[in-house]
Amino acid sequence: MLDQTNNSSSDMQQTIQQAIEKIEQIIVGKPQQIRLAVCSLIASGHCLIEDLPGVGKTTMAHSIARVFGLGFNRIQFTSDLLPADILGVSIFDAQSQSFNFHPGPIFAHCILADELNRATPKTQSALLEAMEEHQITVEGQTRTLKDPFFVIATQNPLDQSGTFPLPESQLDRFMMRLNLGYPDAKAERLLLSGQSRQHILQNISPQLNLDTLTEIQQYVESIHVSESLLDYVQLLISATRDSSLFVYGLSPRAALSLIKASRSWALMHGRNFVEPGDVKAVFSAVSCHRLIASEQHSKNVSTLLEDLLDQVAIP
């Protein structure tokens with residue numbers, strides 16, 4: 001746990017940086033993606049990683065859970081997976097003549113929803129309440145999930161066989177979406193010539209405990225956001241609601257996610273206040289999966305968002 005007498009943003013930045021450096025020993029050549037995923041965690045959000053099989057999505061999820069000391073459950077999503085396989089089920093006990101609830105794998109601090117879009121929409125929807133309200137309702141009874149609660153999901157590109165597109169309501173639950181991509185030549189050579197990533201992962205000890213992570217997440221809420229910066233965020237959100245650019249704009253939930261992620265990014269850089277650069281750093285990762293470009297545009301969503309950042313003036 002962090003020293004209460006020196007519980008400053010710089011102390012927390014050092015703690016977070018040490019955790020990131022450990023993750024970078026396992027996931028090589030992806031510093032920005034690692035920082036964004038960690039940013040999502042300490043902002044109490046959830047993270048979606050979309051990419052081809054075999055580029056390290058699952059390994060990244062394992063690494064974050066391991067380094068941050070989170071209890072970890074992996075749920076492999078398939079077309080025959082049922083909501084009860086995730087949430088749990090009540091089974092009749094003949095001896096006690098009563099039904100006993102057997103909790104599912106959702107009851108953990110960190111959930112890896114692996115290949116989320118291979119499950120049917122009915123099964124995907126089992127995560128909606130859990131991700132938004134940190135609770136589940138089964139057979140009319142509400143059960144609280146563990147705190148902190150972090151879902152890091154992976155999905156395959158939609159042009160691959162056996163996938164179901166995630167509905168907008170599900171996508172909107174994720175604070176950020178990341179793409180890992182292929183490693184560059186230097187990073188790939190290190191992977192080929194070095195130790196197995198799984199071997200390195202097994203030998204890395206946690207850098208934080210749950211109390212420290214909870215303390216950091218609570219501190220993020222206190223990072224100062226000025227009125228002028230809120231004006232800037234509102235201008236960006238309003239710009240995405242231009243129907244000539246996107247089919248529909250960012251929701252209020254997305255705006256809140258942008259503020260939380262910006263606070264988290266500021267803390268990761270040792271500051272107790274948010275700068276416009278923090279908003280710019282996380283804007284695309286927070287927004288890209290929530291938007292669809294209008295048919296009249298040949299540009300993709302990422303390019304349109306970069307154009308918005310250039311066009312919207314900082315108050």
# chains A, B, ... in the order shown; residues from 1 in each chain; ligands from 1
$ residues_around --residues "Asn100 of chain A" --least-positions-apart "3" --cutoff "8 Å" --atoms "only C-alpha atoms" --output "ChimeraX atom specification"
/A:90-93
$ write_last_selection --atoms "N, CA and C atoms" --output "PDB file, in the first residue's frame"
ATOM      1  N   SER A  90     -28.243 -21.802 -10.037  1.00  0.00           N
ATOM      2  CA  SER A  90     -28.707 -22.433  -8.801  1.00  0.00           C
ATOM      3  C   SER A  90     -28.981 -23.906  -9.061  1.00  0.00           C
ATOM      4  N   ILE A  91     -28.432 -24.741  -8.202  1.00  0.00           N
ATOM      5  CA  ILE A  91     -28.577 -26.191  -8.337  1.00  0.00           C
ATOM      6  C   ILE A  91     -29.267 -26.741  -7.091  1.00  0.00           C
ATOM      7  N   PHE A  92     -30.217 -27.635  -7.296  1.00  0.00           N
ATOM      8  CA  PHE A  92     -30.982 -28.186  -6.180  1.00  0.00           C
ATOM      9  C   PHE A  92     -30.125 -29.168  -5.382  1.00  0.00           C
ATOM     10  N   ASP A  93     -30.091 -28.959  -4.074  1.00  0.00           N
ATOM     11  CA  ASP A  93     -29.359 -29.834  -3.159  1.00  0.00           C
ATOM     12  C   ASP A  93     -30.382 -30.746  -2.475  1.00  0.00           C
TER      13      ASP A  93
END
$ select_by_dssp --residues "segment 51-268 of chain A" --states "alpha helix (DSSP H)" --output "PyMOL selection string"
chain A and resi 57-67+83-87+121-124+128-133+168-171+185-193+197-202+210-220+227-240+252-268
$ closest_atom_pairs --of "segment 61-85 of chain A" --to "segment 18-39 of chain A" --cutoff "9 Å" --atoms "only C-alpha atoms" --output "Markdown table"
| residue | atom | partner | partner_atom | distance |
| --- | --- | --- | --- | --- |
| A:Ser63 | CA | A:Ile23 | CA | 5.9 |
| A:Ile64 | CA | A:Ile23 | CA | 6.7 |
| A:Arg66 | CA | A:Ile23 | CA | 9.0 |
| A:Val67 | CA | A:Ala19 | CA | 6.1 |
| A:Phe68 | CA | A:Ala19 | CA | 7.1 |
$ write_last_selection --atoms "N, CA and C atoms" --output "PDB file, in the first residue's frame"
ATOM      1  N   SER A  63      -0.991 -10.506 -18.389  1.00  0.00           N
ATOM      2  CA  SER A  63       0.101  -9.701 -17.836  1.00  0.00           C
ATOM      3  C   SER A  63      -0.423  -8.610 -16.920  1.00  0.00           C
ATOM      4  N   ILE A  64      -1.469  -7.908 -17.358  1.00  0.00           N
ATOM      5  CA  ILE A  64      -2.037  -6.832 -16.542  1.00  0.00           C
ATOM      6  C   ILE A  64      -2.583  -7.381 -15.234  1.00  0.00           C
ATOM      7  N   ARG A  66      -1.722 -10.124 -13.684  1.00  0.00           N
ATOM      8  CA  ARG A  66      -0.618 -10.612 -12.860  1.00  0.00           C
ATOM      9  C   ARG A  66       0.129  -9.471 -12.174  1.00  0.00           C
ATOM     10  N   VAL A  67       0.485  -8.461 -12.935  1.00  0.00           N
ATOM     11  CA  VAL A  67       1.301  -7.366 -12.401  1.00  0.00           C
ATOM     12  C   VAL A  67       0.520  -6.523 -11.395  1.00  0.00           C
ATOM     13  N   PHE A  68      -0.794  -6.363 -11.629  1.00  0.00           N
ATOM     14  CA  PHE A  68      -1.599  -5.550 -10.716  1.00  0.00           C
ATOM     15  C   PHE A  68      -2.217  -6.371  -9.586  1.00  0.00           C
TER      16      PHE A  68
END
$ closest_residue --among "A:Glu295, A:Glu132, A:Glu50, A:Asp147" --to "Leu180 of chain A" --atoms "only C-alpha atoms"
A:Glu50
$ residues_around --residues "Ala84 of chain A" --least-positions-apart "3" --cutoff "10 Å" --atoms "only C-alpha atoms" --output "number ranges by chain"
A: 81, 87-90, 102-105, 123, 126, 138
$ write_last_selection --atoms "C-alpha atoms" --output "tab-separated table (two decimals), in the first residue's frame"
chain	number	residue	atom	x	y	z
A	81	LEU	CA	-21.75	-20.58	-24.39
A	87	LEU	CA	-23.01	-15.66	-14.23
A	88	GLY	CA	-23.63	-18.90	-12.37
A	89	VAL	CA	-26.61	-21.13	-11.70
A	90	SER	CA	-28.71	-22.43	-8.80
A	102	HIS	CA	-22.97	-21.69	-7.68
A	103	PRO	CA	-21.21	-18.50	-8.81
A	104	GLY	CA	-19.81	-18.36	-12.32
A	105	PRO	CA	-16.41	-17.07	-13.44
A	123	THR	CA	-24.63	-14.52	-24.19
A	126	ALA	CA	-24.85	-11.29	-19.84
A	138	VAL	CA	-29.88	-14.05	-11.41
$ atom_distance --atom1 "atom CA of Ala65 of chain A" --atom2 "atom CA of His199 of chain A"
15.6 Å
$ select_by_dssp --residues "segment 29-90 of chain A" --states "strand (DSSP E)" --output "ChimeraX atom specification"
/A:47-50,72-76,88-90
$ write_last_selection --atoms "all heavy atoms" --output "tab-separated table (two decimals), in the first residue's frame"
chain	number	residue	atom	x	y	z
A	47	CYS	N	-11.71	-2.58	-21.06
A	47	CYS	CA	-10.89	-2.44	-22.26
A	47	CYS	C	-11.19	-3.56	-23.26
A	47	CYS	O	-11.29	-4.73	-22.89
A	47	CYS	CB	-9.41	-2.48	-21.87
A	47	CYS	SG	-8.28	-2.17	-23.22
A	48	LEU	N	-11.35	-3.17	-24.53
A	48	LEU	CA	-11.59	-4.12	-25.62
A	48	LEU	C	-10.39	-4.10	-26.56
A	48	LEU	O	-9.96	-3.04	-27.00
A	48	LEU	CB	-12.85	-3.73	-26.38
A	48	LEU	CG	-13.21	-4.55	-27.63
A	48	LEU	CD1	-13.54	-5.99	-27.26
A	48	LEU	CD2	-14.38	-3.91	-28.38
A	49	ILE	N	-9.84	-5.28	-26.83
A	49	ILE	CA	-8.70	-5.39	-27.74
A	49	ILE	C	-9.15	-6.16	-28.97
A	49	ILE	O	-9.59	-7.30	-28.87
A	49	ILE	CB	-7.51	-6.11	-27.08
A	49	ILE	CG1	-7.13	-5.44	-25.76
A	49	ILE	CG2	-6.31	-6.13	-28.02
A	49	ILE	CD1	-6.03	-6.15	-25.00
A	50	GLU	N	-9.06	-5.52	-30.11
A	50	GLU	CA	-9.50	-6.14	-31.37
A	50	GLU	C	-8.30	-6.34	-32.28
A	50	GLU	O	-7.56	-5.39	-32.57
A	50	GLU	CB	-10.53	-5.26	-32.09
A	50	GLU	CG	-11.03	-5.88	-33.39
A	50	GLU	CD	-11.99	-4.98	-34.12
A	50	GLU	OE1	-11.63	-3.82	-34.41
A	50	GLU	OE2	-13.10	-5.43	-34.42
A	72	PHE	N	-7.95	-13.56	-11.27
A	72	PHE	CA	-8.15	-13.60	-12.72
A	72	PHE	C	-8.94	-14.83	-13.12
A	72	PHE	O	-8.67	-15.94	-12.68
A	72	PHE	CB	-6.76	-13.62	-13.38
A	72	PHE	CG	-6.78	-13.71	-14.88
A	72	PHE	CD1	-6.97	-12.57	-15.64
A	72	PHE	CD2	-6.58	-14.91	-15.53
A	72	PHE	CE1	-6.97	-12.63	-17.03
A	72	PHE	CE2	-6.58	-14.99	-16.91
A	72	PHE	CZ	-6.77	-13.84	-17.66
A	73	ASN	N	-9.97	-14.60	-13.96
A	73	ASN	CA	-10.71	-15.70	-14.58
A	73	ASN	C	-10.80	-15.45	-16.07
A	73	ASN	O	-11.06	-14.34	-16.50
A	73	ASN	CB	-12.13	-15.83	-14.00
A	73	ASN	CG	-12.16	-16.63	-12.72
A	73	ASN	OD1	-11.27	-17.42	-12.43
A	73	ASN	ND2	-13.20	-16.43	-11.93
A	74	ARG	N	-10.59	-16.50	-16.83
A	74	ARG	CA	-10.71	-16.42	-18.28
A	74	ARG	C	-11.99	-17.12	-18.71
A	74	ARG	O	-12.26	-18.25	-18.30
A	74	ARG	CB	-9.50	-17.06	-18.96
A	74	ARG	CG	-9.64	-17.19	-20.46
A	74	ARG	CD	-8.40	-17.79	-21.08
A	74	ARG	NE	-8.58	-18.04	-22.51
A	74	ARG	CZ	-7.61	-18.42	-23.33
A	74	ARG	NH1	-6.39	-18.59	-22.85
A	74	ARG	NH2	-7.84	-18.62	-24.60
A	75	ILE	N	-12.78	-16.44	-19.54
A	75	ILE	CA	-13.99	-17.02	-20.11
A	75	ILE	C	-13.79	-17.10	-21.61
A	75	ILE	O	-13.64	-16.08	-22.28
A	75	ILE	CB	-15.24	-16.17	-19.78
A	75	ILE	CG1	-15.36	-15.93	-18.28
A	75	ILE	CG2	-16.49	-16.85	-20.32
A	75	ILE	CD1	-16.47	-14.97	-17.90
A	76	GLN	N	-13.77	-18.32	-22.13
A	76	GLN	CA	-13.61	-18.52	-23.57
A	76	GLN	C	-14.99	-18.48	-24.22
A	76	GLN	O	-15.82	-19.36	-24.01
A	76	GLN	CB	-12.92	-19.85	-23.86
A	76	GLN	CG	-12.68	-20.10	-25.33
A	76	GLN	CD	-11.73	-19.07	-25.94
A	76	GLN	OE1	-10.63	-18.87	-25.44
A	76	GLN	NE2	-12.17	-18.42	-27.00
A	88	GLY	N	-23.42	-17.90	-13.40
A	88	GLY	CA	-23.63	-18.90	-12.37
A	88	GLY	C	-25.04	-19.45	-12.45
A	88	GLY	O	-25.89	-18.95	-13.20
A	89	VAL	N	-25.32	-20.46	-11.64
A	89	VAL	CA	-26.61	-21.13	-11.70
A	89	VAL	C	-26.95	-21.71	-10.33
A	89	VAL	O	-26.06	-22.04	-9.55
A	89	VAL	CB	-26.58	-22.25	-12.78
A	89	VAL	CG1	-25.59	-23.34	-12.41
A	89	VAL	CG2	-27.97	-22.81	-13.03
A	90	SER	N	-28.24	-21.80	-10.04
A	90	SER	CA	-28.71	-22.43	-8.80
A	90	SER	C	-28.98	-23.91	-9.06
A	90	SER	O	-29.66	-24.26	-10.03
A	90	SER	CB	-29.97	-21.75	-8.28
A	90	SER	OG	-29.70	-20.44	-7.85
$ atom_distance --atom1 "atom CA of His269 of chain A" --atom2 "atom CA of Asn203 of chain A"
28.0 Å
$ residues_around --residues "Tyr232 of chain A" --least-positions-apart "6" --cutoff "12 Å" --atoms "only C-alpha atoms" --output "ChimeraX atom specification"
/A:225-226,238-239,255,258-259,274-280,283,308-309,311-315
$ residues_around --residues "Ser287 of chain A" --least-positions-apart "6" --cutoff "10 Å" --atoms "only C-alpha atoms" --output "mmCIF file with C-alpha atoms, in the first residue's frame"
data_model
loop_
_atom_site.group_PDB
_atom_site.id
_atom_site.type_symbol
_atom_site.label_atom_id
_atom_site.label_comp_id
_atom_site.auth_asym_id
_atom_site.auth_seq_id
_atom_site.Cartn_x
_atom_site.Cartn_y
_atom_site.Cartn_z
ATOM 1 C CA ASP A 172 -20.424 1.536 -25.185
ATOM 2 C CA MET A 175 -13.977 2.671 -21.991
ATOM 3 C CA MET A 176 -11.368 2.006 -24.683
ATOM 4 C CA ARG A 177 -10.717 -0.153 -27.714
ATOM 5 C CA ILE A 237 -18.277 15.583 -28.103
ATOM 6 C CA THR A 240 -18.857 14.035 -33.232
ATOM 7 C CA GLY A 249 -22.265 10.962 -32.108
ATOM 8 C CA LEU A 250 -20.746 10.150 -28.760
ATOM 9 C CA SER A 251 -23.102 9.475 -25.848
ATOM 10 C CA ALA A 254 -18.644 8.276 -23.691
ATOM 11 C CA ALA A 255 -18.110 11.860 -22.485
ATOM 12 C CA SER A 257 -15.350 7.938 -20.055
ATOM 13 C CA LEU A 258 -13.276 10.596 -21.821
ATOM 14 C CA VAL A 301 -13.236 6.785 -38.116
ATOM 15 C CA SER A 302 -9.663 7.111 -36.805
ATOM 16 C CA LEU A 305 -11.134 11.803 -35.191
#
$ residues_around --residues "Ser125 of chain A" --least-positions-apart "5" --cutoff "9 Å" --atoms "only C-alpha atoms" --output "list in words"
Pro83, Thr120, Ser169 and Gln170 of chain A
$ closest_residue --among "A:Ala261, A:Cys110, A:Val55, A:Leu291" --to "Leu171 of chain A" --atoms "only C-alpha atoms"
A:Leu291
$ closest_residue --among "A:Ala113, A:Leu178, A:Val233, A:Val151" --to "His289 of chain A" --atoms "only C-alpha atoms"
A:Leu178
$ closest_residue --among "A:Ser98, A:His46, A:Gln202, A:Thr78" --to "Ala130 of chain A" --atoms "only C-alpha atoms"
A:His46
$ closest_residue --among "A:Thr15, A:Glu306, A:Ile200, A:Glu115" --to "Pro165 of chain A" --atoms "only C-alpha atoms"
A:Glu115
$ closest_residue --among "A:Ala43, A:Leu52, A:Ala187, A:Leu256" --to "Asn156 of chain A" --atoms "only C-alpha atoms"
A:Leu52
